[in-house]
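K.L.:
What follows is final16.tsv, TSV, C-alpha atoms.
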chain	number	residue	atom	x	y	z
A	221	MET	CA	149.09	134.74	75.45
A	222	GLU	CA	151.66	134.10	72.74
A	223	ILE	CA	155.21	132.75	73.07
A	224	ASN	CA	157.82	133.34	70.36
A	225	THR	CA	161.50	132.56	70.46
A	226	SER	CA	164.80	133.33	68.79
A	227	PHE	CA	168.09	131.52	69.35
A	228	ASP	CA	171.44	132.98	68.46
A	229	ALA	CA	174.97	132.18	69.67
A	230	GLY	CA	173.85	130.33	72.79
A	231	ARG	CA	171.30	132.95	73.75
A	232	LEU	CA	167.62	132.05	73.84
A	233	THR	CA	165.21	134.97	73.75
A	234	VAL	CA	161.63	134.20	74.75
A	235	TYR	CA	159.12	136.85	73.66
A	236	LEU	CA	155.96	136.84	75.78
A	237	SER	CA	153.01	138.80	74.49
A	238	GLY	CA	149.40	139.23	75.58
A	239	GLU	CA	148.31	138.75	79.19
A	240	LEU	CA	150.15	136.52	81.66
A	241	ASP	CA	148.00	135.54	84.63
A	242	HIS	CA	147.47	132.42	86.76
A	243	HIS	CA	145.25	130.91	84.04
A	244	GLU	CA	148.13	131.08	81.54
A	245	ALA	CA	151.09	130.58	83.89
A	246	ARG	CA	151.30	126.79	83.92
A	247	ARG	CA	151.21	126.50	80.13
A	248	VAL	CA	153.86	129.22	79.79
A	249	MET	CA	156.11	127.50	82.36
A	250	LEU	CA	155.81	124.13	80.64
A	251	ARG	CA	156.55	125.67	77.24
A	252	ILE	CA	159.63	127.50	78.55
A	253	ASP	CA	160.81	124.29	80.28
A	254	GLU	CA	160.58	122.51	76.91
A	255	LEU	CA	162.51	125.30	75.20
A	256	LEU	CA	165.28	125.23	77.82
A	257	ASP	CA	165.55	121.43	77.51
A	258	GLU	CA	165.66	121.69	73.73
A	259	TYR	CA	168.20	124.51	73.34
A	260	LEU	CA	170.21	124.20	76.61
A	261	PRO	CA	171.08	127.90	76.22
A	262	ARG	CA	173.98	129.69	77.87
A	263	ASP	CA	171.78	132.77	78.42
A	264	CYS	CA	168.03	133.25	78.45
A	265	ALA	CA	166.34	136.61	77.96
A	266	LEU	CA	162.64	137.00	78.74
A	267	ASN	CA	161.48	139.77	76.45
A	268	LEU	CA	158.37	141.45	77.92
A	269	ALA	CA	158.00	144.31	75.42
A	270	GLY	CA	154.76	142.87	74.06
A	271	LEU	CA	153.30	141.82	77.40
A	272	ARG	CA	150.21	143.97	77.96
A	273	PHE	CA	149.52	142.57	81.42
A	274	MET	CA	151.04	140.36	84.06
A	275	ASP	CA	150.35	139.77	87.74
A	276	SER	CA	152.33	137.84	90.37
A	277	SER	CA	151.98	134.72	88.20
A	278	GLY	CA	154.48	136.42	85.88
A	279	ILE	CA	156.84	136.81	88.85
A	280	ALA	CA	156.61	133.05	89.44
A	281	VAL	CA	157.47	132.43	85.76
A	282	ILE	CA	160.48	134.78	85.90
A	283	ILE	CA	161.81	133.23	89.14
A	284	ARG	CA	161.44	129.73	87.71
A	285	VAL	CA	163.38	130.62	84.55
A	286	SER	CA	166.10	132.25	86.65
A	287	ARG	CA	166.43	129.13	88.85
A	288	ARG	CA	166.49	126.80	85.86
A	289	MET	CA	169.20	128.87	84.19
A	290	GLN	CA	171.26	128.78	87.41
A	291	ILE	CA	171.04	124.97	87.33
A	292	LEU	CA	172.20	125.04	83.70
A	293	GLY	CA	175.10	127.27	84.75
A	294	GLY	CA	173.80	130.15	82.65
A	295	ARG	CA	172.22	133.55	83.14
A	296	ALA	CA	168.67	134.84	82.84
A	297	TRP	CA	167.38	138.37	82.60
A	298	ILE	CA	164.30	140.39	81.73
A	299	GLU	CA	164.40	142.45	78.56
A	300	ASP	CA	162.43	145.60	77.71
A	301	PRO	CA	159.46	145.16	80.05
A	302	ALA	CA	156.34	147.12	79.09
A	303	ARG	CA	155.12	149.63	81.65
A	304	GLN	CA	152.62	147.51	83.59
A	305	PRO	CA	154.89	144.45	83.94
A	306	GLN	CA	157.68	146.81	85.03
A	307	ARG	CA	155.49	148.12	87.87
A	308	VAL	CA	154.73	144.56	89.03
A	309	ILE	CA	158.45	143.64	88.88
A	310	ASP	CA	159.28	146.76	90.94
A	311	ALA	CA	156.57	146.02	93.52
A	312	ALA	CA	157.77	142.43	93.91
A	313	GLY	CA	161.39	143.56	94.23
A	314	ILE	CA	162.72	140.79	91.97
A	315	ASP	CA	165.03	143.16	90.10
A	316	ARG	CA	167.46	142.20	92.90
A	317	LEU	CA	167.31	138.58	91.74
A	318	VAL	CA	166.92	138.93	87.99
A	319	PRO	CA	168.55	141.81	86.10
A	320	ILE	CA	166.54	143.99	83.73
A	321	ALA	CA	168.03	145.04	80.40
A	322	MET	CA	166.60	147.87	78.33
A	323	SER	CA	167.56	147.87	74.67
A	324	ARG	CA	165.58	150.98	73.77
B	53	MET	CA	126.41	162.35	96.98
B	54	LYS	CA	123.45	159.98	97.06
B	55	GLY	CA	123.14	156.92	94.90
B	56	GLN	CA	126.81	156.34	94.19
B	57	ASN	CA	127.32	153.88	91.39
B	58	TYR	CA	128.08	150.21	92.07
B	59	ILE	CA	128.20	146.80	90.43
B	60	LYS	CA	128.00	143.24	91.69
B	61	LEU	CA	129.36	140.22	89.88
B	62	GLU	CA	129.25	136.56	90.69
B	63	PHE	CA	131.06	133.77	88.88
B	64	PRO	CA	132.41	130.26	89.48
B	65	SER	CA	136.06	129.91	90.56
B	66	ARG	CA	137.37	128.95	87.13
B	67	SER	CA	140.73	130.45	86.20
B	68	SER	CA	139.36	131.55	82.82
B	69	ASN	CA	137.30	134.14	84.78
B	70	GLU	CA	140.42	135.96	86.02
B	71	ALA	CA	140.70	137.95	82.80
B	72	PHE	CA	136.98	138.72	82.84
B	73	ALA	CA	137.07	140.00	86.44
B	74	ARG	CA	139.95	142.42	85.87
B	75	ALA	CA	138.47	143.66	82.58
B	76	ALA	CA	135.11	144.30	84.30
B	77	ALA	CA	136.87	146.16	87.13
B	78	ALA	CA	138.72	148.36	84.66
B	79	ALA	CA	135.55	149.06	82.66
B	80	PHE	CA	133.67	150.08	85.82
B	81	ALA	CA	136.50	152.30	87.11
B	82	SER	CA	136.90	154.08	83.79
B	83	GLN	CA	133.96	156.38	84.67
B	84	LEU	CA	136.40	158.16	87.06
B	85	ASP	CA	138.74	158.88	84.13
B	86	PRO	CA	141.78	157.14	85.62
B	87	THR	CA	145.26	157.29	84.12
B	88	MET	CA	146.60	154.23	82.31
B	89	GLU	CA	148.79	153.57	85.32
B	90	GLU	CA	145.90	153.72	87.82
B	91	LEU	CA	143.86	151.42	85.60
B	92	GLY	CA	146.77	148.99	85.29
B	93	ASP	CA	147.22	148.97	89.08
B	94	LEU	CA	143.53	148.26	89.61
B	95	ARG	CA	143.50	145.45	87.04
B	96	THR	CA	146.53	143.90	88.72
B	97	ALA	CA	145.11	144.12	92.25
B	98	VAL	CA	141.79	142.57	91.16
B	99	SER	CA	143.59	139.81	89.28
B	100	GLU	CA	145.56	138.95	92.44
B	101	ALA	CA	142.50	138.90	94.72
B	102	VAL	CA	140.43	136.77	92.33
B	103	THR	CA	143.34	134.38	91.72
B	104	ASN	CA	143.81	133.94	95.48
B	105	ALA	CA	140.14	132.97	95.82
B	106	ILE	CA	140.41	130.52	92.93
B	107	VAL	CA	143.61	128.88	94.15
B	108	HIS	CA	143.23	128.97	97.93
B	109	ALA	CA	139.53	129.20	98.78
B	110	TYR	CA	138.49	126.32	96.56
B	111	PRO	CA	141.61	124.19	96.02
B	112	ASP	CA	139.80	121.02	95.00
B	113	SER	CA	136.42	122.26	93.84
B	114	ILE	CA	134.62	125.01	91.99
B	115	GLY	CA	132.93	127.53	94.27
B	116	LYS	CA	131.34	130.93	94.09
B	117	ILE	CA	133.25	134.23	93.92
B	118	GLY	CA	131.53	137.58	94.40
B	119	VAL	CA	133.02	140.89	93.31
B	120	ARG	CA	131.45	144.14	94.39
B	121	MET	CA	132.70	147.52	93.24
B	122	ARG	CA	131.49	150.94	94.18
B	123	ILE	CA	132.46	154.52	93.61
B	124	LEU	CA	133.28	156.41	96.80
B	125	GLU	CA	132.98	160.10	97.36
B	126	GLY	CA	136.15	161.98	96.54
B	127	SER	CA	137.06	160.01	93.42
B	128	ALA	CA	137.91	156.60	94.78
B	129	VAL	CA	136.82	153.10	94.01
B	130	GLU	CA	136.28	150.25	96.46
B	131	ILE	CA	136.50	146.65	95.34
B	132	SER	CA	135.67	143.66	97.48
B	133	VAL	CA	136.33	140.11	96.40
B	134	ARG	CA	134.49	137.53	98.46
B	135	ASP	CA	134.49	133.78	98.59
B	136	TRP	CA	132.74	131.19	100.71
B	137	GLY	CA	135.64	128.74	100.70
B	138	ARG	CA	138.22	127.33	103.05
B	139	GLY	CA	139.26	130.60	104.70
B	140	ILE	CA	142.70	131.65	105.89
B	141	GLU	CA	143.96	130.29	109.23
B	142	ASP	CA	146.61	132.97	109.72
B	143	VAL	CA	145.99	136.13	107.68
B	144	GLU	CA	149.19	137.82	108.83
B	145	ARG	CA	151.33	134.90	107.65
B	146	ALA	CA	149.41	134.70	104.34
B	147	MET	CA	150.27	138.35	103.71
B	148	THR	CA	154.02	137.86	104.28
B	149	PRO	CA	155.97	138.44	101.04
B	150	LEU	CA	157.09	135.20	99.34
B	151	TYR	CA	154.92	133.03	101.62
B	152	THR	CA	152.70	130.74	99.60
B	153	SER	CA	150.73	127.60	100.21
B	154	GLY	CA	150.04	127.38	96.47
B	155	GLY	CA	151.85	125.42	93.80
B	156	GLU	CA	154.97	126.36	91.89
B	157	GLU	CA	153.07	128.73	89.62
B	158	ARG	CA	152.43	130.98	92.64
B	159	SER	CA	155.10	133.42	93.79
B	160	GLY	CA	153.76	134.43	97.21
B	161	MET	CA	153.66	138.06	96.09
B	162	GLY	CA	149.88	138.47	95.64
B	163	PHE	CA	149.12	140.43	98.81
B	164	THR	CA	152.32	142.48	98.44
B	165	ILE	CA	151.15	143.58	94.99
B	166	MET	CA	147.56	144.22	96.15
B	167	SER	CA	148.83	146.41	98.95
B	168	SER	CA	151.34	148.37	96.87
B	169	PHE	CA	148.85	148.96	94.02
B	170	THR	CA	145.95	150.17	96.17
B	171	ASP	CA	145.58	152.75	98.93
B	172	ARG	CA	143.92	150.48	101.48
B	173	LEU	CA	143.73	146.72	101.83
B	174	ARG	CA	141.66	144.80	104.36
B	175	VAL	CA	141.40	141.06	104.66
B	176	ARG	CA	138.73	139.37	106.75
B	177	SER	CA	138.70	135.62	106.91
B	178	ALA	CA	137.13	132.86	108.95
B	179	PRO	CA	138.39	129.28	108.53
B	180	GLY	CA	135.71	127.17	106.89
B	181	LYS	CA	133.53	130.18	106.08
B	182	GLY	CA	135.43	132.23	103.55
B	183	THR	CA	137.43	135.37	102.93
B	184	THR	CA	136.67	138.94	101.93
B	185	VAL	CA	139.41	141.16	100.53
B	186	THR	CA	138.48	144.83	100.33
B	187	MET	CA	140.65	147.33	98.51
B	188	ARG	CA	140.34	151.06	97.94
B	189	LYS	CA	142.05	153.01	95.23
B	190	LEU	CA	142.08	156.77	94.88
B	191	ILE	CA	141.80	158.02	91.33
B	192	SER	CA	143.56	161.35	90.93
B	193	PRO	CA	141.32	164.07	89.47
B	194	ARG	CA	142.63	165.19	86.10
B	195	ARG	CA	143.12	168.80	85.28
B	196	PRO	CA	141.37	169.96	82.11
Can the structure from this file be put into structure tokens for me?
P.N.:
Amino acid sequence: MEINTSFDAGRLTVYLSGELDHHEARRVMLRIDELLDEYLPRDCALNLAGLRFMDSSGIAVIIRVSRRMQILGGRAWIEDPARQPQRVIDAAGIDRLVPIAMSR
Amino acid sequence: MKGQNYIKLEFPSRSSNEAFARAAAAAFASQLDPTMEELGDLRTAVSEAVTNAIVHAYPDSIGKIGVRMRILEGSAVEISVRDWGRGIEDVERAMTPLYTSGGEERSGMGFTIMSSFTDRLRVRSAPGKGTTVTMRKLISPRRP
């Protein structure tokens, strides 16, 4: 599980790659919390293009980021989910809570 | 067909075994030549069932988890994930979307995902004795 970031004009993009399961979830949440505290972004995109696998632990991560961005008065969305994460997002129905943006 | 193939695994309820369990499930199921999507669904469902056992069956200790997989006639696979832990008091409530008794890294969507990614889901549980989750997934035969 790897976490990379870019920050540009108030927008933080968090690139998650590898496999996001319960074993990895806490570390990922803590890291994203640190990033949000550090950058205080206006928008936060979770880029899932490189995420080979996620289960409902990934849903918990996405919901947490969305709630934290609401508290900051900003927006959060999912960007370019790979096929398997997309299926999990669809099954959980969280596309109603967190928008999905496709750039390709 | 006689002598259908099966495997049995047993491991301690350490979260580092989640990745192992879903990889083993995918490797076993690959003999049915599943699509990438079917394999992804199976990996996800197994990950959810094993995570539930780790988080809920043994919240304060390390216990034993058993995974049994077998090939069923008509190109299907059956997976059961068993624990000997705390058990579930109210299975129906546990299966309600967004309900969780876990920490903030749980979303309450585990059973929802297991049931949408498999063709049959059964949960048997006895408080204080443990839980068995049994899932079946049909693998569509591929045309040559």
K.L.:
Is there a way to get, as a list of chain:residue names, all residues within 7 Å of the point (169.4, 131.6, 74.5) in file coordinates, counting all atoms listed in the file?
P.N.:
A:Phe227, A:Asp228, A:Gly230, A:Arg231, A:Leu232, A:Thr233, A:Pro261, A:Arg262, A:Asp263, A:Cys264, A:Ala265
K.L.:
Have a look at B:Ser68, B:Ser127, B:Thr186, B:Asn57 and name the one nearest to Leu240 of chain A; count only C-alpha atoms.
P.N.:
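Checking each of B:Ser68, B:Ser127, B:Thr186, B:Asn57 against Leu240 of chain A, counting only C-alpha atoms, the winner is B:Ser68.
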K.L.:
With distances taken over all atoms listed in the file, which of A:Ser277, A:Ser323, A:Ser286, A:Asn267 is nearest to chain B?
P.N.:
A:Ser277
K.L.:
Residues of chain B within 12 Å of chain A: nearest atom pair and distance (Å, one decimal) for each, counting all atoms listed in the file, sorted by chain and number, as a Markdown table?
P.N.:
| residue | atom | partner | partner_atom | distance |
| --- | --- | --- | --- | --- |
| B:Ser65 | CA | A:His243 | CA | 11.3 |
| B:Arg66 | CA | A:His243 | CA | 8.7 |
| B:Ser67 | CA | A:His243 | CA | 5.0 |
| B:Ser68 | CA | A:His243 | CA | 6.0 |
| B:Asn69 | CA | A:His243 | CA | 8.6 |
| B:Glu70 | CA | A:His243 | CA | 7.3 |
| B:Ala71 | CA | A:Asp241 | CA | 7.9 |
| B:Phe72 | CA | A:His243 | CA | 11.4 |
| B:Ala73 | CA | A:Asp241 | CA | 11.9 |
| B:Arg74 | CA | A:Phe273 | CA | 10.6 |
| B:Ala75 | CA | A:Phe273 | CA | 11.2 |
| B:Met88 | CA | A:Gln304 | CA | 9.1 |
| B:Glu89 | CA | A:Gln304 | CA | 7.4 |
| B:Glu90 | CA | A:Gln304 | CA | 10.1 |
| B:Leu91 | CA | A:Gln304 | CA | 9.8 |
| B:Gly92 | CA | A:Gln304 | CA | 6.3 |
| B:Asp93 | CA | A:Gln304 | CA | 7.8 |
| B:Leu94 | CA | A:Gln304 | CA | 10.9 |
| B:Arg95 | CA | A:Phe273 | CA | 8.7 |
| B:Thr96 | CA | A:Asp275 | CA | 5.7 |
| B:Ala97 | CA | A:Asp275 | CA | 8.2 |
| B:Val98 | CA | A:Asp275 | CA | 9.6 |
| B:Ser99 | CA | A:Asp275 | CA | 6.9 |
| B:Glu100 | CA | A:Asp275 | CA | 6.8 |
| B:Ala101 | CA | A:Asp275 | CA | 10.5 |
| B:Val102 | CA | A:His242 | CA | 10.0 |
| B:Thr103 | CA | A:His242 | CA | 6.7 |
| B:Asn104 | CA | A:His242 | CA | 9.6 |
| B:Ala105 | CA | A:His242 | CA | 11.7 |
| B:Ile106 | CA | A:His242 | CA | 9.6 |
| B:Val107 | CA | A:His242 | CA | 9.1 |
| B:Thr148 | CA | A:Ala312 | CA | 11.9 |
| B:Pro149 | CA | A:Ala312 | CA | 8.4 |
| B:Leu150 | CA | A:Ala312 | CA | 9.1 |
| B:Thr152 | CA | A:Ala280 | CA | 11.1 |
| B:Gly154 | CA | A:Ala280 | CA | 11.2 |
| B:Gly155 | CA | A:Arg246 | CA | 10.0 |
| B:Glu156 | CA | A:Ala280 | CA | 7.3 |
| B:Glu157 | CA | A:Ala280 | CA | 5.6 |
| B:Arg158 | CA | A:Ala280 | CA | 5.7 |
| B:Ser159 | CA | A:Ala280 | CA | 4.6 |
| B:Gly160 | CA | A:Ser276 | CA | 7.8 |
| B:Met161 | CA | A:Ser276 | CA | 5.9 |
| B:Gly162 | CA | A:Ser276 | CA | 5.8 |
| B:Phe163 | CA | A:Ser276 | CA | 9.4 |
| B:Thr164 | CA | A:Ala312 | CA | 7.1 |
| B:Ile165 | CA | A:Ala311 | CA | 6.1 |
| B:Met166 | CA | A:Ala311 | CA | 9.6 |
| B:Ser167 | CA | A:Ala311 | CA | 9.5 |
| B:Ser168 | CA | A:Ala311 | CA | 6.6 |
| B:Phe169 | CA | A:Ala311 | CA | 8.3 |
| B:Thr170 | CA | A:Ala311 | CA | 11.7 |
K.L.:
Write out as a list of chain:residue names the residues lying within 12 Å of Pro179 of chain B, counting all atoms listed in the file and excluding same-chain residues fewer than 2 positions away.
P.N.:
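Selected residues are B:His108, B:Ala109, B:Asp135, B:Trp136, B:Gly137, B:Arg138, B:Gly139, B:Ile140, B:Glu141, B:Asp142, B:Val143, B:Arg176, B:Ser177, B:Lys181, B:Gly182, B:Thr183, B:Thr184.
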K.L.:
Separation of atom CA of Val129 of chain B and atom CA of Phe80 of chain B, in Å?
P.N.:
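Atom-to-atom, atom CA of Val129 of chain B to atom CA of Phe80 of chain B, that is 9.3 Å.
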K.L.:
For atom CA of Gln83 of chain B and atom CA of Phe63 of chain B, determine how far apart the two atoms are, in Å to one decimal place.
P.N.:
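Interatomic distance here is 23.2 Å.
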K.L.:
So the first atom is atom CA of Gly293 of chain A and the second is atom CA of Leu260 of chain A; what is the distance between them in Å, to one decimal place?
P.N.:
10.0 Å
K.L.:
So which residues touch Leu268 of chain A within 6 Å, counting only C-alpha atoms, skipping near sequence neighbours fewer than 3 positions away, as a ChimeraX atom specification?
P.N.:
/A:236,271,300-301
K.L.:
Would you kindly return, as an MDAnalysis selection string, each protein, DNA or RNA residue with an atom no farther than 10 Å from any atom of Ser192 of chain B, considering all atoms listed in the file and excluding same-chain residues fewer than 4 positions away?
P.N.:
chainID B and resid 84:87 90 126:128
K.L.:
Just write the chosen residues, C-alpha atoms, as a CSV table (one decimal), in the coordinates of the input.
P.N.:
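What ended up in again.csv:
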chain,number,residue,atom,x,y,z
B,84,LEU,CA,136.4,158.2,87.1
B,85,ASP,CA,138.7,158.9,84.1
B,86,PRO,CA,141.8,157.1,85.6
B,87,THR,CA,145.3,157.3,84.1
B,90,GLU,CA,145.9,153.7,87.8
B,126,GLY,CA,136.2,162.0,96.5
B,127,SER,CA,137.1,160.0,93.4
B,128,ALA,CA,137.9,156.6,94.8
K.L.:
Show which residues sit within 8 Å of Ala321 of chain A, as a PyMOL selection string. Count all atoms listed in the file, and ignore same-chain residues fewer than 6 positions away.
P.N.:
chain A and resi 297-300
K.L.:
Restricting the output to C-alpha atoms, write the selected residues as a short mmCIF file (atom, residue, chain, number, x, y, z; two decimals), in the coordinates of the input.
P.N.:
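Contents of the output file part_9.cif:
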data_model
loop_
_atom_site.label_atom_id
_atom_site.label_comp_id
_atom_site.auth_asym_id
_atom_site.auth_seq_id
_atom_site.Cartn_x
_atom_site.Cartn_y
_atom_site.Cartn_z
CA TRP A 297 167.38 138.37 82.60
CA ILE A 298 164.30 140.39 81.73
CA GLU A 299 164.40 142.45 78.56
CA ASP A 300 162.43 145.60 77.71
#
K.L.:
Just need the box for segment 186-192 of chain B, edges along x, y and z, holding every atom the file lists for it with 5 Å tacked onto each side, so centre and edge lengths in Å to one decimal, as AutoDock Vina command-line options.
P.N.:
--center_x 141.0 --center_y 153.1 --center_z 95.6 --size_x 15.1 --size_y 26.5 --size_z 19.4
K.L.:
Using the atoms already present, construct N, CA and C atoms for segment 134-146 of chain B and hand them back as a PDB file, in the frame of the given file.
P.N.:
ATOM      1  N   ARG B 134     134.960 138.401  97.388  1.00  0.00           N
ATOM      2  CA  ARG B 134     134.490 137.530  98.460  1.00  0.00           C
ATOM      3  C   ARG B 134     134.394 136.092  97.988  1.00  0.00           C
ATOM      4  N   ASP B 135     134.746 135.191  98.878  1.00  0.00           N
ATOM      5  CA  ASP B 135     134.490 133.780  98.590  1.00  0.00           C
ATOM      6  C   ASP B 135     133.911 133.116  99.823  1.00  0.00           C
ATOM      7  N   TRP B 136     133.371 131.930  99.630  1.00  0.00           N
ATOM      8  CA  TRP B 136     132.740 131.190 100.710  1.00  0.00           C
ATOM      9  C   TRP B 136     133.499 129.861 100.898  1.00  0.00           C
ATOM     10  N   GLY B 137     134.808 129.957 100.719  1.00  0.00           N
ATOM     11  CA  GLY B 137     135.640 128.740 100.700  1.00  0.00           C
ATOM     12  C   GLY B 137     136.305 128.443 102.026  1.00  0.00           C
ATOM     13  N   ARG B 138     137.509 127.919 101.924  1.00  0.00           N
ATOM     14  CA  ARG B 138     138.220 127.330 103.050  1.00  0.00           C
ATOM     15  C   ARG B 138     138.610 128.333 104.134  1.00  0.00           C
ATOM     16  N   GLY B 139     138.825 129.593 103.719  1.00  0.00           N
ATOM     17  CA  GLY B 139     139.260 130.600 104.700  1.00  0.00           C
ATOM     18  C   GLY B 139     140.754 130.535 104.955  1.00  0.00           C
ATOM     19  N   ILE B 140     141.265 131.563 105.618  1.00  0.00           N
ATOM     20  CA  ILE B 140     142.700 131.650 105.890  1.00  0.00           C
ATOM     21  C   ILE B 140     142.896 131.521 107.402  1.00  0.00           C
ATOM     22  N   GLU B 141     143.709 130.554 107.800  1.00  0.00           N
ATOM     23  CA  GLU B 141     143.960 130.290 109.230  1.00  0.00           C
ATOM     24  C   GLU B 141     144.705 131.471 109.852  1.00  0.00           C
ATOM     25  N   ASP B 142     145.734 131.932 109.169  1.00  0.00           N
ATOM     26  CA  ASP B 142     146.610 132.970 109.720  1.00  0.00           C
ATOM     27  C   ASP B 142     146.810 134.048 108.639  1.00  0.00           C
ATOM     28  N   VAL B 143     145.985 135.098 108.728  1.00  0.00           N
ATOM     29  CA  VAL B 143     145.990 136.130 107.680  1.00  0.00           C
ATOM     30  C   VAL B 143     147.356 136.834 107.622  1.00  0.00           C
ATOM     31  N   GLU B 144     147.916 137.097 108.797  1.00  0.00           N
ATOM     32  CA  GLU B 144     149.190 137.820 108.830  1.00  0.00           C
ATOM     33  C   GLU B 144     150.284 137.038 108.076  1.00  0.00           C
ATOM     34  N   ARG B 145     150.321 135.725 108.320  1.00  0.00           N
ATOM     35  CA  ARG B 145     151.330 134.900 107.650  1.00  0.00           C
ATOM     36  C   ARG B 145     151.060 134.847 106.139  1.00  0.00           C
ATOM     37  N   ALA B 146     149.775 134.761 105.767  1.00  0.00           N
ATOM     38  CA  ALA B 146     149.410 134.700 104.340  1.00  0.00           C
ATOM     39  C   ALA B 146     149.856 135.959 103.607  1.00  0.00           C
TER      40      ALA B 146
END
